[in-house]
>>> print(open('query.pdb').read())   # PDB, C-alpha atoms and all ligand atoms
ATOM      1  CA  MET A 900      -6.592 -12.202  30.648
ATOM      2  CA  LYS A 901      -9.623  -9.983  30.048
ATOM      3  CA  PRO A 902     -13.164 -11.264  30.465
ATOM      4  CA  VAL A 903     -15.336 -11.056  27.340
ATOM      5  CA  ASN A 904     -18.767  -9.509  27.427
ATOM      6  CA  SER A 905     -20.202 -11.868  24.888
ATOM      7  CA  GLU A 906     -19.469 -15.551  24.390
ATOM      8  CA  TRP A 907     -19.321 -15.041  20.629
ATOM      9  CA  PHE A 908     -17.336 -12.892  18.208
ATOM     10  CA  THR A 909     -19.476 -11.820  15.253
ATOM     11  CA  GLU A 910     -18.278 -10.212  12.028
ATOM     12  CA  TYR A 911     -21.140  -8.460  10.286
ATOM     13  CA  CYS A 912     -20.969  -8.333   6.501
ATOM     14  CA  GLU A 913     -23.075  -5.400   5.360
ATOM     15  CA  GLU A 914     -22.856  -6.111   1.631
ATOM     16  CA  GLY A 915     -23.986  -9.700   2.200
ATOM     17  CA  GLY A 916     -26.627  -8.984   4.832
ATOM     18  CA  SER A 917     -24.914 -11.823   6.659
ATOM     19  CA  ALA A 918     -22.700 -12.511   9.646
ATOM     20  CA  PHE A 919     -20.173 -15.080  10.821
ATOM     21  CA  SER A 920     -19.707 -15.970  14.491
ATOM     22  CA  LEU A 921     -17.163 -17.915  16.482
ATOM     23  CA  GLN A 922     -17.675 -19.088  20.034
ATOM     24  CA  LEU A 923     -15.095 -17.631  22.376
ATOM     25  CA  LYS A 924     -13.178 -18.843  25.370
ATOM     26  CA  GLU A 925     -11.545 -15.498  26.188
ATOM     27  CA  LYS A 926     -10.128 -12.265  24.827
ATOM     28  CA  LEU A 927      -6.333 -12.477  24.787
ATOM     29  CA  HIS A 928      -5.366  -9.027  23.493
ATOM     30  CA  ASP A 929      -6.826  -5.737  22.282
ATOM     31  CA  GLU A 930      -4.785  -2.797  21.047
ATOM     32  CA  THR A 931      -5.118   0.139  18.718
ATOM     33  CA  THR A 932      -1.998   0.862  16.677
ATOM     34  CA  PRO A 933      -1.453   3.980  14.514
ATOM     35  CA  TYR A 934      -2.955   1.935  11.650
ATOM     36  CA  GLN A 935      -5.740  -0.242  13.035
ATOM     37  CA  ARG A 936      -7.324  -2.022  15.992
ATOM     38  CA  ILE A 937      -6.016  -5.550  16.522
ATOM     39  CA  GLU A 938      -7.916  -8.039  18.690
ATOM     40  CA  ILE A 939      -6.885 -11.603  19.518
ATOM     41  CA  TYR A 940      -9.309 -14.160  20.963
ATOM     42  CA  ALA A 941      -9.134 -17.801  21.979
ATOM     43  CA  THR A 942     -12.106 -19.608  20.433
ATOM     44  CA  THR A 943     -13.678 -22.884  21.488
ATOM     45  CA  HIS A 944     -13.240 -24.734  18.170
ATOM     46  CA  PHE A 945     -11.102 -22.631  15.777
ATOM     47  CA  GLY A 946      -8.053 -22.000  17.969
ATOM     48  CA  ASN A 947      -6.784 -18.436  18.213
ATOM     49  CA  LEU A 948      -8.477 -15.734  16.162
ATOM     50  CA  MET A 949      -7.016 -12.429  14.904
ATOM     51  CA  VAL A 950      -9.402  -9.580  14.104
ATOM     52  CA  ILE A 951      -8.390  -6.244  12.531
ATOM     53  CA  ASP A 952     -10.856  -3.356  12.629
ATOM     54  CA  GLY A 953     -13.685  -5.808  13.301
ATOM     55  CA  PHE A 954     -12.821  -8.099  10.365
ATOM     56  CA  VAL A 955     -11.590 -11.674  10.801
ATOM     57  CA  MET A 956      -7.997 -11.971   9.549
ATOM     58  CA  LEU A 957      -7.326 -15.574  10.415
ATOM     59  CA  THR A 958      -8.023 -18.456  12.719
ATOM     60  CA  ALA A 959      -5.555 -21.154  13.713
ATOM     61  CA  ARG A 960      -7.893 -23.815  12.332
ATOM     62  CA  ASP A 961      -8.548 -22.729   8.757
ATOM     63  CA  ASN A 962      -5.745 -20.319   7.757
ATOM     64  CA  PHE A 963      -3.892 -23.089   5.874
ATOM     65  CA  LEU A 964      -6.437 -22.857   3.040
ATOM     66  CA  TYR A 965      -5.789 -19.170   2.443
ATOM     67  CA  HIS A 966      -2.033 -19.184   3.030
ATOM     68  CA  GLU A 967      -1.400 -22.167   0.759
ATOM     69  CA  MET A 968      -3.546 -20.722  -2.037
ATOM     70  CA  MET A 969      -1.882 -17.314  -1.724
ATOM     71  CA  SER A 970       1.571 -18.789  -2.215
ATOM     72  CA  HIS A 971       1.895 -22.114  -4.048
ATOM     73  CA  PRO A 972      -0.167 -21.425  -7.213
ATOM     74  CA  ALA A 973       1.847 -18.263  -7.969
ATOM     75  CA  LEU A 974       5.163 -19.942  -7.158
ATOM     76  CA  PHE A 975       4.394 -22.996  -9.332
ATOM     77  CA  THR A 976       3.241 -20.696 -12.156
ATOM     78  CA  HIS A 977       6.527 -18.767 -12.359
ATOM     79  CA  PRO A 978       9.147 -20.921 -14.173
ATOM     80  CA  GLN A 979      11.892 -20.288 -11.601
ATOM     81  CA  PRO A 980      10.917 -18.043  -8.682
ATOM     82  CA  ARG A 981      13.867 -16.803  -6.633
ATOM     83  CA  ARG A 982      12.957 -13.270  -5.502
ATOM     84  CA  VAL A 983       9.632 -12.791  -3.718
ATOM     85  CA  THR A 984       7.976  -9.721  -2.193
ATOM     86  CA  ILE A 985       4.993 -10.083   0.138
ATOM     87  CA  ILE A 986       2.896  -6.953   0.705
ATOM     88  CA  GLY A 987       0.997  -7.136   4.012
ATOM     89  CA  GLY A 988       0.948 -10.700   5.297
ATOM     90  CA  GLY A 989       1.998  -9.620   8.796
ATOM     91  CA  ASP A 990       0.740 -12.821  10.412
ATOM     92  CA  CYS A 991       3.561 -14.592   8.481
ATOM     93  CA  GLY A 992       1.462 -17.590   7.357
ATOM     94  CA  THR A 993       2.064 -16.845   3.666
ATOM     95  CA  LEU A 994       5.755 -16.239   4.366
ATOM     96  CA  ARG A 995       6.035 -19.685   5.953
ATOM     97  CA  GLU A 996       4.551 -21.310   2.836
ATOM     98  CA  VAL A 997       6.822 -19.344   0.450
ATOM     99  CA  LEU A 998       9.916 -20.429   2.355
ATOM    100  CA  LYS A 999       9.010 -24.083   1.856
ATOM    101  CA  HIS A1000      10.146 -23.722  -1.778
ATOM    102  CA  PRO A1001      13.846 -24.641  -1.821
ATOM    103  CA  GLY A1002      14.610 -22.470  -4.878
ATOM    104  CA  ILE A1003      13.645 -19.219  -3.144
ATOM    105  CA  GLY A1004      16.694 -16.968  -2.717
ATOM    106  CA  HIS A1005      15.160 -14.136  -0.722
ATOM    107  CA  VAL A1006      11.821 -12.821   0.462
ATOM    108  CA  VAL A1007      11.031  -9.249   1.492
ATOM    109  CA  GLN A1008       7.871  -8.849   3.545
ATOM    110  CA  VAL A1009       6.513  -5.281   3.471
ATOM    111  CA  GLU A1010       3.986  -5.024   6.292
ATOM    112  CA  ILE A1011       2.761  -1.592   7.323
ATOM    113  CA  ASP A1012       2.027  -2.519  10.941
ATOM    114  CA  GLU A1013       4.832  -4.210  12.874
ATOM    115  CA  ARG A1014       2.425  -4.984  15.724
ATOM    116  CA  VAL A1015       0.585  -7.532  13.551
ATOM    117  CA  THR A1016       3.815  -9.508  13.209
ATOM    118  CA  ARG A1017       4.771  -9.185  16.876
ATOM    119  CA  LEU A1018       1.325 -10.364  17.993
ATOM    120  CA  SER A1019       1.414 -13.222  15.513
ATOM    121  CA  GLU A1020       4.766 -14.324  16.961
ATOM    122  CA  GLN A1021       3.065 -14.418  20.348
ATOM    123  CA  TYR A1022      -0.328 -15.913  19.502
ATOM    124  CA  PHE A1023       0.296 -17.831  16.233
ATOM    125  CA  PRO A1024       3.869 -19.134  16.748
ATOM    126  CA  GLU A1025       3.259 -21.980  14.290
ATOM    127  CA  LEU A1026       2.917 -19.414  11.465
ATOM    128  CA  CYS A1027       6.122 -17.662  12.484
ATOM    129  CA  GLU A1028       8.349 -20.727  12.712
ATOM    130  CA  SER A1029      10.372 -19.650   9.634
ATOM    131  CA  ASN A1030      10.709 -15.962  10.563
ATOM    132  CA  ARG A1031      14.379 -16.373  11.405
ATOM    133  CA  ASP A1032      15.182 -17.954   8.044
ATOM    134  CA  ALA A1033      18.234 -16.146   6.620
ATOM    135  CA  ARG A1034      16.404 -15.588   3.317
ATOM    136  CA  VAL A1035      13.828 -13.229   4.917
ATOM    137  CA  ARG A1036      13.970  -9.465   5.345
ATOM    138  CA  PHE A1037      11.188  -7.723   7.233
ATOM    139  CA  ASP A1038      10.461  -4.218   5.993
ATOM    140  CA  PHE A1039       7.845  -2.529   8.160
ATOM    141  CA  GLY A1040       6.484   0.091   5.777
ATOM    142  CA  ASP A1041       3.837   0.913   3.208
ATOM    143  CA  GLY A1042       3.664  -1.577   0.346
ATOM    144  CA  ILE A1043       2.287   1.030  -2.044
ATOM    145  CA  ARG A1044       5.312   3.243  -1.514
ATOM    146  CA  ARG A1045       7.789   0.353  -1.637
ATOM    147  CA  MET A1046       6.456  -0.831  -4.996
ATOM    148  CA  LYS A1047       6.740   2.694  -6.389
ATOM    149  CA  GLU A1048      10.415   2.715  -5.387
ATOM    150  CA  ALA A1049      11.233  -0.876  -6.494
ATOM    151  CA  GLY A1050      13.815  -1.370  -9.239
ATOM    152  CA  ALA A1051      12.679  -2.519 -12.699
ATOM    153  CA  GLY A1052      12.606  -6.305 -13.011
ATOM    154  CA  SER A1053      13.841  -6.776  -9.444
ATOM    155  CA  VAL A1054      11.177  -9.307  -8.291
ATOM    156  CA  ASP A1055       9.887 -12.644  -9.635
ATOM    157  CA  VAL A1056       6.668 -12.989  -7.622
ATOM    158  CA  ILE A1057       4.680 -10.345  -5.718
ATOM    159  CA  ILE A1058       2.092 -11.591  -3.210
ATOM    160  CA  VAL A1059      -0.450  -9.019  -2.002
ATOM    161  CA  ASP A1060      -1.738 -10.516   1.255
ATOM    162  CA  SER A1061      -3.641  -7.479   2.427
ATOM    163  CA  THR A1062      -6.700  -6.521   4.384
ATOM    164  CA  ASP A1063      -9.917  -5.601   2.544
ATOM    165  CA  PRO A1064      -9.704  -2.518   0.265
ATOM    166  CA  ILE A1065     -10.232  -0.014   3.047
ATOM    167  CA  GLY A1066      -7.847   2.078   5.170
ATOM    168  CA  PRO A1067      -4.146   1.623   4.318
ATOM    169  CA  ALA A1068      -4.973  -1.240   1.926
ATOM    170  CA  LYS A1069      -7.223   0.808  -0.367
ATOM    171  CA  GLY A1070      -4.374   1.819  -2.693
ATOM    172  CA  LEU A1071      -3.336  -1.829  -3.100
ATOM    173  CA  PHE A1072      -6.384  -2.428  -5.302
ATOM    174  CA  THR A1073      -5.651   0.260  -7.916
ATOM    175  CA  GLU A1074      -4.288   0.375 -11.469
ATOM    176  CA  ASP A1075      -1.446   2.675 -10.338
ATOM    177  CA  PHE A1076      -0.285   0.077  -7.821
ATOM    178  CA  TYR A1077      -0.468  -2.747 -10.397
ATOM    179  CA  ARG A1078       1.548  -0.604 -12.816
ATOM    180  CA  ASP A1079       4.279  -0.245 -10.185
ATOM    181  CA  CYS A1080       4.179  -4.012  -9.591
ATOM    182  CA  TYR A1081       4.416  -4.661 -13.343
ATOM    183  CA  HIS A1082       7.501  -2.445 -13.500
ATOM    184  CA  ALA A1083       9.093  -4.250 -10.514
ATOM    185  CA  LEU A1084       8.496  -7.729 -11.953
ATOM    186  CA  GLY A1085      10.889  -9.567 -14.261
ATOM    187  CA  SER A1086       9.807 -10.815 -17.707
ATOM    188  CA  ASP A1087       8.161 -13.995 -16.292
ATOM    189  CA  GLY A1088       6.750 -12.048 -13.347
ATOM    190  CA  VAL A1089       3.623 -13.160 -11.490
ATOM    191  CA  LEU A1090       1.455 -11.117  -9.122
ATOM    192  CA  VAL A1091      -1.123 -12.676  -6.807
ATOM    193  CA  GLN A1092      -3.613 -10.787  -4.695
ATOM    194  CA  GLN A1093      -6.331 -11.857  -2.295
ATOM    195  CA  SER A1094      -9.519 -10.812  -4.070
ATOM    196  CA  GLU A1095     -12.434 -11.449  -1.726
ATOM    197  CA  SER A1096     -15.614 -13.443  -2.344
ATOM    198  CA  PRO A1097     -16.991 -14.434  -5.775
ATOM    199  CA  LEU A1098     -20.479 -14.403  -4.308
ATOM    200  CA  LEU A1099     -20.312 -10.986  -2.644
ATOM    201  CA  HIS A1100     -17.587  -9.042  -4.437
ATOM    202  CA  TYR A1101     -17.532 -10.129  -8.072
ATOM    203  CA  ASP A1102     -18.873  -6.852  -9.479
ATOM    204  CA  SER A1103     -17.379  -4.563  -6.861
ATOM    205  CA  ILE A1104     -13.848  -6.019  -6.549
ATOM    206  CA  ILE A1105     -12.973  -9.045  -8.702
ATOM    207  CA  ARG A1106     -14.052  -7.738 -12.112
ATOM    208  CA  PRO A1107     -12.580  -4.246 -11.576
ATOM    209  CA  MET A1108      -9.356  -5.895 -10.356
ATOM    210  CA  HIS A1109      -8.974  -7.813 -13.620
ATOM    211  CA  ARG A1110      -9.623  -4.640 -15.632
ATOM    212  CA  ALA A1111      -7.062  -2.694 -13.606
ATOM    213  CA  MET A1112      -4.433  -5.461 -13.895
ATOM    214  CA  ARG A1113      -4.849  -5.676 -17.674
ATOM    215  CA  ALA A1114      -4.812  -1.863 -17.984
ATOM    216  CA  ALA A1115      -1.564  -1.838 -15.999
ATOM    217  CA  GLY A1116       0.048  -4.066 -18.642
ATOM    218  CA  PHE A1117      -0.439  -7.659 -17.449
ATOM    219  CA  SER A1118      -1.235  -9.895 -20.418
ATOM    220  CA  ASP A1119      -3.190 -12.469 -18.409
ATOM    221  CA  SER A1120      -5.140 -12.707 -15.148
ATOM    222  CA  ILE A1121      -7.352 -15.334 -13.562
ATOM    223  CA  SER A1122      -9.091 -15.751 -10.200
ATOM    224  CA  LEU A1123      -8.515 -19.050  -8.394
ATOM    225  CA  GLN A1124     -11.239 -20.193  -6.020
ATOM    226  CA  PHE A1125     -10.999 -21.946  -2.706
ATOM    227  CA  PRO A1126     -13.102 -22.452   0.414
ATOM    228  CA  GLN A1127     -12.395 -20.162   3.367
ATOM    229  CA  PRO A1128     -14.884 -20.744   6.182
ATOM    230  CA  CYS A1129     -13.917 -17.720   8.315
ATOM    231  CA  TYR A1130     -14.372 -15.099   5.536
ATOM    232  CA  PRO A1131     -17.733 -13.708   4.396
ATOM    233  CA  SER A1132     -19.699 -16.308   2.376
ATOM    234  CA  GLY A1133     -16.996 -18.951   2.989
ATOM    235  CA  TRP A1134     -15.943 -18.827  -0.699
ATOM    236  CA  TRP A1135     -12.787 -16.861  -1.555
ATOM    237  CA  THR A1136     -10.417 -16.028  -4.410
ATOM    238  CA  ALA A1137      -6.776 -15.308  -5.108
ATOM    239  CA  THR A1138      -6.275 -13.473  -8.396
ATOM    240  CA  LEU A1139      -3.145 -14.194 -10.426
ATOM    241  CA  ALA A1140      -1.800 -11.748 -13.009
ATOM    242  CA  GLY A1141       1.181 -12.434 -15.253
ATOM    243  CA  LYS A1142       3.340 -10.888 -17.910
ATOM    244  CA  LYS A1143       2.819 -14.279 -19.587
ATOM    245  CA  SER A1144      -0.004 -16.829 -19.220
ATOM    246  CA  VAL A1145      -1.019 -17.747 -15.688
ATOM    247  CA  ARG A1146      -3.268 -20.599 -16.862
ATOM    248  CA  GLU A1147      -0.450 -23.149 -17.046
ATOM    249  CA  PHE A1148       1.781 -24.133 -14.168
ATOM    250  CA  ARG A1149       4.662 -26.464 -13.377
ATOM    251  CA  SER A1150       2.275 -29.310 -12.596
ATOM    252  CA  GLY A1151       5.051 -31.924 -12.605
ATOM    253  CA  ASP A1152       6.997 -29.984  -9.964
ATOM    254  CA  ALA A1153       3.807 -29.345  -7.968
ATOM    255  CA  GLY A1154       3.040 -33.078  -8.158
ATOM    256  CA  LYS A1155       6.357 -33.934  -6.516
ATOM    257  CA  LYS A1156       6.734 -30.918  -4.247
ATOM    258  CA  PRO A1157       9.361 -31.654  -1.599
ATOM    259  CA  PHE A1158       7.336 -30.243   1.304
ATOM    260  CA  PRO A1159       4.013 -30.972   3.033
ATOM    261  CA  THR A1160       0.819 -28.982   2.528
ATOM    262  CA  ARG A1161      -2.668 -29.607   3.902
ATOM    263  CA  TYR A1162      -4.804 -28.308   1.007
ATOM    264  CA  TYR A1163      -2.674 -27.416  -2.019
ATOM    265  CA  ASN A1164      -1.576 -30.029  -4.516
ATOM    266  CA  ALA A1165      -1.342 -30.162  -8.303
ATOM    267  CA  ALA A1166      -4.948 -31.343  -8.718
ATOM    268  CA  ILE A1167      -6.292 -28.596  -6.422
ATOM    269  CA  HIS A1168      -4.331 -26.044  -8.459
ATOM    270  CA  GLN A1169      -5.737 -27.417 -11.725
ATOM    271  CA  GLY A1170      -9.251 -27.449 -10.261
ATOM    272  CA  ALA A1171      -8.973 -23.900  -8.949
ATOM    273  CA  LEU A1172      -8.199 -22.705 -12.478
ATOM    274  CA  ALA A1173     -11.665 -23.841 -13.632
ATOM    275  CA  GLN A1174     -13.873 -20.778 -13.927
ATOM    276  CA  PRO A1175     -17.515 -20.516 -12.837
ATOM    277  CA  GLU A1176     -19.864 -19.606 -15.673
ATOM    278  CA  PHE A1177     -20.475 -16.090 -14.366
ATOM    279  CA  PHE A1178     -16.724 -15.339 -14.364
ATOM    280  CA  LEU A1179     -16.685 -16.155 -18.080
ATOM    281  CA  THR A1180     -19.797 -14.271 -19.072
ATOM    282  CA  GLY A1181     -19.018 -11.350 -16.771
TER     283      GLY A1181
HETATM  284  N1  LIG A1201      -5.709 -12.790   5.009
HETATM  285  C1  LIG A1201      -6.180 -11.625   5.589
HETATM  286  C2  LIG A1201      -7.532 -11.188   5.072
HETATM  287  O1  LIG A1201      -7.777 -11.242   3.858
HETATM  288  O2  LIG A1201      -8.356 -10.844   5.899
HETATM  289  C3  LIG A1201      -5.145 -10.584   5.573
HETATM  290  C4  LIG A1201      -4.064 -10.919   6.548
HETATM  291  S1  LIG A1201      -2.760  -9.840   6.832
HETATM  292  C5  LIG A1201      -2.917  -9.732   8.569
HETATM  293  C6  LIG A1201      -3.180  -8.277   6.160
HETATM  294  C7  LIG A1201      -2.139  -7.230   6.490
HETATM  295  O3  LIG A1201      -2.104  -6.220   5.482
HETATM  296  C8  LIG A1201      -2.390  -6.485   7.801
HETATM  297  O4  LIG A1201      -1.453  -6.909   8.753
HETATM  298  C9  LIG A1201      -2.201  -4.991   7.433
HETATM  299  O5  LIG A1201      -1.452  -4.270   8.396
HETATM  300  C10 LIG A1201      -1.472  -5.100   6.097
HETATM  301  N2  LIG A1201      -1.589  -3.930   5.227
HETATM  302  C11 LIG A1201      -2.696  -3.211   4.934
HETATM  303  N3  LIG A1201      -2.390  -2.185   4.106
HETATM  304  C12 LIG A1201      -1.039  -2.277   3.851
HETATM  305  C13 LIG A1201      -0.124  -1.512   3.066
HETATM  306  N4  LIG A1201      -0.532  -0.439   2.360
HETATM  307  N5  LIG A1201       1.176  -1.894   3.045
HETATM  308  C14 LIG A1201       1.607  -2.973   3.742
HETATM  309  N6  LIG A1201       0.782  -3.726   4.517
HETATM  310  C15 LIG A1201      -0.518  -3.390   4.567
END
>>> encode(input="query.pdb", output="structure tokens")
Amino acid sequence: MKPVNSEWFTEYCEEGGSAFSLQLKEKLHDETTPYQRIEIYATTHFGNLMVIDGFVMLTARDNFLYHEMMSHPALFTHPQPRRVTIIGGGDCGTLREVLKHPGIGHVVQVEIDERVTRLSEQYFPELCESNRDARVRFDFGDGIRRMKEAGAGSVDVIIVDSTDPIGPAKGLFTEDFYRDCYHALGSDGVLVQQSESPLLHYDSIIRPMHRAMRAAGFSDSISLQFPQPCYPSGWWTATLAGKKSVREFRSGDAGKKPFPTRYYNAAIHQGALAQPEFFLTG
């Protein structure tokens, strides 16, 4: 147990001229891996907090918003998802949500930094409760490389649960990567990627992401919105891209989903598909 110098953790957001702080109880862990620096804190009101390279990855209190929106909309958009690949997602919160779908046959999680998963097992055990599910294979490697090597039509849904587009995640936001994903997806294939804040990153990330996805061959793409208090601006997106339309989903199945969620339901999915005026006018 290391003492903390400050009672608060603050993430500074340069592009927003803003910052987000959480009050701390103590620092639980700090290590630098070959890929990044990982810090874990206990906070006073948000439970445990994981920070990578100074950026908040998740808190115990609000991660359900992000993890549910990164998984269920894509899985209820595909007509019959069986084969899922998660790129990144080392904390395993998205993986847990994916495995709630009884029709899933297998999930490969390609996380570049095994330490993220090991630390999540230790400090966020609730997110890792399905890690021993027989349908899961952990592949600790580079998602960009793995998608380049993936067989044609070998995946139904690809979930890109990555860090911001810097460091090892930079190549996950490119047309080349989306082209490899397109190739790996079957004919009903759906890709979903975390796509940052509509308020802060519309011009710099969201709009270019749509252009790159369409240029890579996807016939449709749409950004779903949701609240995410611990990320800059508190307003976040997950962008869906499909070989077919991603504007309709299996709303009947979502309405009678056989598992609990805290945020996602069919009405939330429908609502998240509504587009703010500036998304439409560009
Ligand atoms: N939800 C979080 C966010 O938006 O802040 C992201 C959570 S998850 C911890 C992100 C993971 O992506 C990290 O564990 C990181 O190691 C992984 N990652 C980054 N680049 C990667 C790559 N090229 N291949 C596989 N995993 C990668």
>>> residues_near_point(input="query.pdb", point="(7.8, 0.2, -5.3)", cutoff="12 Å", atoms="only C-alpha atoms", output="PyMOL selection string")
chain A and resi 984-986+1009+1040-1054+1057+1071+1075-1084
>>> closest_atom_pairs(input="query.pdb", of="chain A", to="ligand LIG 1201 (chain A)", cutoff="6 Å", atoms="all atoms listed in the file", output="JSON lines")
{"residue": "A:Val955", "atom": "CA", "partner": "A:LIG1201", "partner_atom": "O2", "distance": 5.9}
{"residue": "A:Met956", "atom": "CA", "partner": "A:LIG1201", "partner_atom": "O2", "distance": 3.8}
{"residue": "A:Ile986", "atom": "CA", "partner": "A:LIG1201", "partner_atom": "C14", "distance": 5.2}
{"residue": "A:Gly987", "atom": "CA", "partner": "A:LIG1201", "partner_atom": "N6", "distance": 3.5}
{"residue": "A:Gly988", "atom": "CA", "partner": "A:LIG1201", "partner_atom": "S1", "distance": 4.1}
{"residue": "A:Gly989", "atom": "CA", "partner": "A:LIG1201", "partner_atom": "O4", "distance": 4.4}
{"residue": "A:Asp990", "atom": "CA", "partner": "A:LIG1201", "partner_atom": "C5", "distance": 5.1}
{"residue": "A:Val1009", "atom": "CA", "partner": "A:LIG1201", "partner_atom": "C14", "distance": 5.4}
{"residue": "A:Glu1010", "atom": "CA", "partner": "A:LIG1201", "partner_atom": "N6", "distance": 3.9}
{"residue": "A:Ile1011", "atom": "CA", "partner": "A:LIG1201", "partner_atom": "C14", "distance": 4.0}
{"residue": "A:Asp1012", "atom": "CA", "partner": "A:LIG1201", "partner_atom": "O5", "distance": 4.7}
{"residue": "A:Val1015", "atom": "CA", "partner": "A:LIG1201", "partner_atom": "O4", "distance": 5.2}
{"residue": "A:Asp1041", "atom": "CA", "partner": "A:LIG1201", "partner_atom": "N5", "distance": 3.9}
{"residue": "A:Gly1042", "atom": "CA", "partner": "A:LIG1201", "partner_atom": "N5", "distance": 3.7}
{"residue": "A:Ile1043", "atom": "CA", "partner": "A:LIG1201", "partner_atom": "N4", "distance": 5.4}
{"residue": "A:Asp1060", "atom": "CA", "partner": "A:LIG1201", "partner_atom": "C3", "distance": 5.5}
{"residue": "A:Ser1061", "atom": "CA", "partner": "A:LIG1201", "partner_atom": "O3", "distance": 3.6}
{"residue": "A:Thr1062", "atom": "CA", "partner": "A:LIG1201", "partner_atom": "C6", "distance": 4.3}
{"residue": "A:Pro1067", "atom": "CA", "partner": "A:LIG1201", "partner_atom": "N3", "distance": 4.2}
{"residue": "A:Ala1068", "atom": "CA", "partner": "A:LIG1201", "partner_atom": "N3", "distance": 3.5}
>>> residues_around(input="query.pdb", residues="A:Glu906", least_positions_apart="5", cutoff="10 Å", atoms="only C-alpha atoms", output="ChimeraX atom specification")
/A:920-926,942-943
>>> closest_residue(input="query.pdb", among="A:His1000, A:Arg1034, A:His1100, A:Lys1143", to="A:Phe975", atoms="all atoms listed in the file")
A:His1000
>>> residues_near_point(input="query.pdb", point="(-1.6, -9.1, -15.3)", cutoff="6 Å", atoms="all atoms listed in the file", output="ChimeraX atom specification")
/A:1112-1113,1117-1120,1140-1142
>>> atom_distance(input="query.pdb", atom1="atom CA of A:Ser970", atom2="atom CA of A:Ala1171")
13.5 Å
>>> atom_distance(input="query.pdb", atom1="atom CA of A:Ser1096", atom2="atom CA of A:Met1108")
12.7 Å
>>> closest_residue(input="query.pdb", among="A:Thr993, A:Thr1138, A:Gln979, A:Asn947", to="A:Gly1088", atoms="all atoms listed in the file")
A:Gln979
>>> closest_atom_pairs(input="query.pdb", of="stretch 1045-1139 of chain A", to="stretch 912-915 of chain A", cutoff="10 Å", atoms="all atoms listed in the file", output="Markdown table")
| residue | atom | partner | partner_atom | distance |
| --- | --- | --- | --- | --- |
| A:Leu1098 | CA | A:Gly915 | CA | 8.8 |
| A:Leu1099 | CA | A:Gly915 | CA | 6.2 |
| A:His1100 | CA | A:Glu914 | CA | 8.6 |
| A:Tyr1130 | CA | A:Cys912 | CA | 9.5 |
| A:Pro1131 | CA | A:Cys912 | CA | 6.6 |
| A:Ser1132 | CA | A:Gly915 | CA | 7.9 |
>>> residues_around(input="query.pdb", residues="A:Arg995", least_positions_apart="5", cutoff="9 Å", atoms="only C-alpha atoms", output="count of residues only")
6
>>> axis_aligned_box(input="query.pdb", around="stretch 1121-1140 of chain A", padding_each_side="5 Å", output="JSON")
{"center_x": -10.7, "center_y": -17.1, "center_z": -2.6, "size_x": 27.9, "size_y": 20.7, "size_z": 31.9}
